[in-house]
Amino acid sequence: MSSVLQPAATDPHPPTAAKYRPVSSHLAIAPPVSVVIPAMNEAENLPYVFKTLPDWIHEVVLVDGNSTDDTVEVARGLWPDVKVVEQRGKGKGDALITGFQACTGDIIVMVDADGSADGNEIVSYVSALVSGADFAKGSRFANGGGTDDMTFIRKLGNWALCTAVNRKFGARYTDLCYGYNAFWRHCLDKIDLDCTGFEVETLMNIRVVKAGLKVQEIPSHEYLRIHGTSNLRAVRDGLRVLRVILQERSNRRALRRRSSRSPMPAAVRGEVS
């Protein structure tokens, strides 16, 4: 399966009446919500992940990265209607792209499978989207957020990379390398994801800004991974994130140069042929 995300299909004949789902004591929504969970050997953690997922979710899409444990069986036991998709490539970016392609909901939420994210926060993400945001970005460093799982070095690296993105692309992020996000499915047409690793989250954050999408940060608390060890490597993955930032900046400059060199159409110059 390709790691390049294709434009999302749109329904030319949307339903005239929608079923509203209560998501809190003061909010009901019509858009169906898909939750994408990339997982590889996370059987022990999935009970904690699924326990916090709201029951009003339209679908859960589990992307299995060729697990050798009981990840798929556990997921089906916890959520009988779970949609299991086999990941043919490698890397978190490839897994997320695979999951996005399988979603049928209008809203997509990204959740890690290690138990570090609280599914009860999904209502805050969805509330932001139905209130007008295009992309609801989780932040561990916004007022009300927090993390139990970052060393000083990782915090410093995240701050430096976040500062670079804010300065280079005019963003106002307080957090950069965090995988708990939500967005309207139509945003996929504008951000054209094409990477396979952990840097996919940074790529998304940059491209939503470049596309002019409305972003709202959501305070989020990151908990410790419950079982197992993370595949994240601070130096290696930090360098991959930096490479994405530099590539996106270079692409932006190249686009500006091409735009400035392109001849102005005669109609714009006021000429008549």
# chains A, B, ... in the order shown; residues from 1 in each chain; ligands from 1
>>> residues_around(residues="A:Phe183", least_positions_apart="4", cutoff="7 Å", atoms="only C-alpha atoms", output="PDB file with all heavy atoms, in the first residue's frame")
ATOM      1  N   ILE A 107     -14.940  13.211  10.633  1.00  0.00           N
ATOM      2  CA  ILE A 107     -13.896  13.663  11.550  1.00  0.00           C
ATOM      3  C   ILE A 107     -12.986  12.482  11.861  1.00  0.00           C
ATOM      4  O   ILE A 107     -13.464  11.371  12.099  1.00  0.00           O
ATOM      5  CB  ILE A 107     -14.504  14.222  12.853  1.00  0.00           C
ATOM      6  CG1 ILE A 107     -15.219  15.560  12.575  1.00  0.00           C
ATOM      7  CG2 ILE A 107     -13.438  14.406  13.930  1.00  0.00           C
ATOM      8  CD1 ILE A 107     -15.947  16.118  13.778  1.00  0.00           C
ATOM      9  N   ILE A 108     -11.663  12.730  11.832  1.00  0.00           N
ATOM     10  CA  ILE A 108     -10.684  11.681  12.104  1.00  0.00           C
ATOM     11  C   ILE A 108      -9.862  12.084  13.324  1.00  0.00           C
ATOM     12  O   ILE A 108      -9.370  13.218  13.402  1.00  0.00           O
ATOM     13  CB  ILE A 108      -9.765  11.454  10.902  1.00  0.00           C
ATOM     14  CG1 ILE A 108     -10.586  10.980   9.691  1.00  0.00           C
ATOM     15  CG2 ILE A 108      -8.675  10.428  11.239  1.00  0.00           C
ATOM     16  CD1 ILE A 108      -9.764  10.827   8.417  1.00  0.00           C
ATOM     17  N   VAL A 109      -9.724  11.171  14.257  1.00  0.00           N
ATOM     18  CA  VAL A 109      -8.922  11.388  15.463  1.00  0.00           C
ATOM     19  C   VAL A 109      -7.776  10.392  15.474  1.00  0.00           C
ATOM     20  O   VAL A 109      -7.971   9.199  15.223  1.00  0.00           O
ATOM     21  CB  VAL A 109      -9.767  11.209  16.742  1.00  0.00           C
ATOM     22  CG1 VAL A 109      -8.936  11.531  17.983  1.00  0.00           C
ATOM     23  CG2 VAL A 109     -11.019  12.075  16.699  1.00  0.00           C
ATOM     24  N   LEU A 129     -13.610  21.230  16.536  1.00  0.00           N
ATOM     25  CA  LEU A 129     -13.857  21.094  15.103  1.00  0.00           C
ATOM     26  C   LEU A 129     -15.263  21.541  14.714  1.00  0.00           C
ATOM     27  O   LEU A 129     -15.445  22.278  13.741  1.00  0.00           O
ATOM     28  CB  LEU A 129     -13.626  19.644  14.665  1.00  0.00           C
ATOM     29  CG  LEU A 129     -12.181  19.136  14.795  1.00  0.00           C
ATOM     30  CD1 LEU A 129     -12.103  17.658  14.442  1.00  0.00           C
ATOM     31  CD2 LEU A 129     -11.242  19.939  13.911  1.00  0.00           C
ATOM     32  N   ASP A 134     -10.469  23.653  11.632  1.00  0.00           N
ATOM     33  CA  ASP A 134     -10.223  22.608  10.640  1.00  0.00           C
ATOM     34  C   ASP A 134      -9.375  21.492  11.240  1.00  0.00           C
ATOM     35  O   ASP A 134      -9.558  20.320  10.915  1.00  0.00           O
ATOM     36  CB  ASP A 134      -9.475  23.187   9.428  1.00  0.00           C
ATOM     37  CG  ASP A 134     -10.277  24.231   8.684  1.00  0.00           C
ATOM     38  OD1 ASP A 134     -11.406  23.930   8.288  1.00  0.00           O
ATOM     39  OD2 ASP A 134      -9.768  25.357   8.506  1.00  0.00           O
ATOM     40  N   PHE A 135      -8.443  21.882  12.111  1.00  0.00           N
ATOM     41  CA  PHE A 135      -7.470  20.949  12.676  1.00  0.00           C
ATOM     42  C   PHE A 135      -7.365  21.224  14.164  1.00  0.00           C
ATOM     43  O   PHE A 135      -7.054  22.341  14.581  1.00  0.00           O
ATOM     44  CB  PHE A 135      -6.112  21.153  11.991  1.00  0.00           C
ATOM     45  CG  PHE A 135      -5.081  20.109  12.292  1.00  0.00           C
ATOM     46  CD1 PHE A 135      -5.013  18.944  11.553  1.00  0.00           C
ATOM     47  CD2 PHE A 135      -4.152  20.298  13.309  1.00  0.00           C
ATOM     48  CE1 PHE A 135      -4.042  17.974  11.822  1.00  0.00           C
ATOM     49  CE2 PHE A 135      -3.185  19.348  13.584  1.00  0.00           C
ATOM     50  CZ  PHE A 135      -3.132  18.177  12.839  1.00  0.00           C
ATOM     51  N   ALA A 136      -7.637  20.215  14.986  1.00  0.00           N
ATOM     52  CA  ALA A 136      -7.523  20.334  16.444  1.00  0.00           C
ATOM     53  C   ALA A 136      -6.248  19.622  16.861  1.00  0.00           C
ATOM     54  O   ALA A 136      -6.137  18.402  16.741  1.00  0.00           O
ATOM     55  CB  ALA A 136      -8.733  19.715  17.136  1.00  0.00           C
ATOM     56  N   CYS A 187      -9.572  17.822   5.082  1.00  0.00           N
ATOM     57  CA  CYS A 187      -8.244  18.422   5.195  1.00  0.00           C
ATOM     58  C   CYS A 187      -7.180  17.564   4.518  1.00  0.00           C
ATOM     59  O   CYS A 187      -6.123  18.079   4.112  1.00  0.00           O
ATOM     60  CB  CYS A 187      -7.869  18.628   6.654  1.00  0.00           C
ATOM     61  SG  CYS A 187      -8.891  19.832   7.526  1.00  0.00           S
TER      62      CYS A 187
END
>>> select_by_dssp(residues="stretch 49-201 of chain A", states="helix (DSSP H, G or I)", output="number ranges by chain")
A: 49-51, 71-78, 92-102, 119-130, 152-169, 185-191, 200-201
>>> residues_around(residues="stretch 211-227 of chain A", least_positions_apart="4", cutoff="10 Å", atoms="only C-alpha atoms", output="PyMOL selection string")
chain A and resi 42-46+48+112-118+121-122+124-125+128-129+132-150+171-175+178+180-183+187+190-191+205-207
>>> atom_distance(atom1="atom CA of A:Asp69", atom2="atom CA of A:Gly119")
23.3 Å
>>> select_by_dssp(residues="stretch 16-195 of chain A", states="strand (DSSP E or B)", output="ChimeraX atom specification")
/A:21-24,27-29,33-39,59-64,83-86,107-110,135-139,146-147,181-184
>>> closest_residue(among="A:Arg167, A:Lys83, A:Lys19, A:Arg243", to="A:Trp56", atoms="only C-alpha atoms")
A:Lys19
>>> closest_residue(among="A:Leu242, A:Val36, A:Thr104, A:Val85", to="A:Thr163", atoms="only C-alpha atoms")
A:Leu242
>>> decode(residues="stretch 39-51 of chain A", atoms="all heavy atoms", output="short mmCIF file (atom, residue, chain, number, x, y, z; two decimals), in the first residue's frame")
data_model
loop_
_atom_site.label_atom_id
_atom_site.label_comp_id
_atom_site.auth_asym_id
_atom_site.auth_seq_id
_atom_site.Cartn_x
_atom_site.Cartn_y
_atom_site.Cartn_z
N ALA A 39 -1.00 0.31 15.64
CA ALA A 39 -0.55 -0.57 16.73
C ALA A 39 0.34 -1.69 16.21
O ALA A 39 0.06 -2.30 15.18
CB ALA A 39 -1.75 -1.16 17.46
N MET A 40 1.40 -1.95 16.94
CA MET A 40 2.24 -3.10 16.67
C MET A 40 2.65 -3.70 18.01
O MET A 40 3.34 -3.06 18.81
CB MET A 40 3.48 -2.72 15.85
CG MET A 40 4.35 -3.93 15.50
SD MET A 40 5.75 -3.55 14.41
CE MET A 40 6.76 -2.58 15.52
N ASN A 41 2.16 -4.89 18.29
CA ASN A 41 2.45 -5.59 19.54
C ASN A 41 2.03 -4.77 20.76
O ASN A 41 2.80 -4.54 21.69
CB ASN A 41 3.93 -5.95 19.63
CG ASN A 41 4.37 -6.92 18.55
OD1 ASN A 41 3.59 -7.75 18.10
ND2 ASN A 41 5.62 -6.80 18.11
N GLU A 42 0.78 -4.32 20.75
CA GLU A 42 0.25 -3.51 21.84
C GLU A 42 -0.92 -4.20 22.55
O GLU A 42 -1.77 -3.55 23.13
CB GLU A 42 -0.22 -2.14 21.30
CG GLU A 42 0.86 -1.30 20.67
CD GLU A 42 1.79 -0.66 21.70
OE1 GLU A 42 1.69 -1.00 22.90
OE2 GLU A 42 2.62 0.18 21.30
N ALA A 43 -0.95 -5.52 22.52
CA ALA A 43 -2.07 -6.26 23.11
C ALA A 43 -2.28 -5.91 24.58
O ALA A 43 -3.42 -5.80 25.04
CB ALA A 43 -1.84 -7.77 22.95
N GLU A 44 -1.20 -5.73 25.33
CA GLU A 44 -1.33 -5.44 26.75
C GLU A 44 -1.85 -4.02 27.02
O GLU A 44 -2.46 -3.77 28.05
CB GLU A 44 0.02 -5.61 27.44
CG GLU A 44 0.49 -7.06 27.54
CD GLU A 44 1.78 -7.16 28.34
OE1 GLU A 44 2.82 -6.71 27.84
OE2 GLU A 44 1.74 -7.68 29.48
N ASN A 45 -1.62 -3.12 26.09
CA ASN A 45 -2.02 -1.73 26.29
C ASN A 45 -3.42 -1.42 25.79
O ASN A 45 -4.06 -0.47 26.27
CB ASN A 45 -1.02 -0.79 25.60
CG ASN A 45 0.33 -0.77 26.30
OD1 ASN A 45 0.40 -0.82 27.52
ND2 ASN A 45 1.40 -0.72 25.51
N LEU A 46 -3.90 -2.18 24.82
CA LEU A 46 -5.19 -1.86 24.21
C LEU A 46 -6.36 -1.81 25.19
O LEU A 46 -7.26 -0.98 25.03
CB LEU A 46 -5.49 -2.85 23.08
CG LEU A 46 -4.64 -2.70 21.81
CD1 LEU A 46 -5.11 -3.67 20.74
CD2 LEU A 46 -4.68 -1.27 21.29
N PRO A 47 -6.41 -2.67 26.23
CA PRO A 47 -7.53 -2.54 27.17
C PRO A 47 -7.61 -1.16 27.81
O PRO A 47 -8.71 -0.63 28.04
CB PRO A 47 -7.23 -3.62 28.22
CG PRO A 47 -6.46 -4.66 27.47
CD PRO A 47 -5.61 -3.87 26.51
N TYR A 48 -6.47 -0.54 28.08
CA TYR A 48 -6.46 0.80 28.67
C TYR A 48 -6.88 1.85 27.64
O TYR A 48 -7.55 2.83 27.97
CB TYR A 48 -5.06 1.12 29.20
CG TYR A 48 -4.58 0.16 30.25
CD1 TYR A 48 -3.83 -0.97 29.90
CD2 TYR A 48 -4.88 0.35 31.60
CE1 TYR A 48 -3.39 -1.87 30.87
CE2 TYR A 48 -4.44 -0.54 32.58
CZ TYR A 48 -3.71 -1.64 32.20
OH TYR A 48 -3.27 -2.55 33.16
N VAL A 49 -6.49 1.63 26.39
CA VAL A 49 -6.84 2.58 25.32
C VAL A 49 -8.34 2.54 25.05
O VAL A 49 -9.02 3.58 25.04
CB VAL A 49 -6.06 2.25 24.03
CG1 VAL A 49 -6.48 3.19 22.90
CG2 VAL A 49 -4.56 2.35 24.27
N PHE A 50 -8.88 1.35 24.85
CA PHE A 50 -10.29 1.22 24.48
C PHE A 50 -11.22 1.58 25.63
O PHE A 50 -12.34 2.02 25.41
CB PHE A 50 -10.56 -0.21 24.00
CG PHE A 50 -10.15 -0.46 22.58
CD1 PHE A 50 -8.82 -0.71 22.26
CD2 PHE A 50 -11.08 -0.46 21.56
CE1 PHE A 50 -8.43 -0.94 20.95
CE2 PHE A 50 -10.72 -0.69 20.24
CZ PHE A 50 -9.38 -0.93 19.93
N LYS A 51 -10.75 1.40 26.85
CA LYS A 51 -11.59 1.69 28.02
C LYS A 51 -12.00 3.16 28.06
O LYS A 51 -13.08 3.49 28.57
CB LYS A 51 -10.83 1.31 29.30
CG LYS A 51 -11.60 1.57 30.59
CD LYS A 51 -10.84 1.04 31.80
CE LYS A 51 -9.52 1.78 31.98
NZ LYS A 51 -8.82 1.35 33.23
#
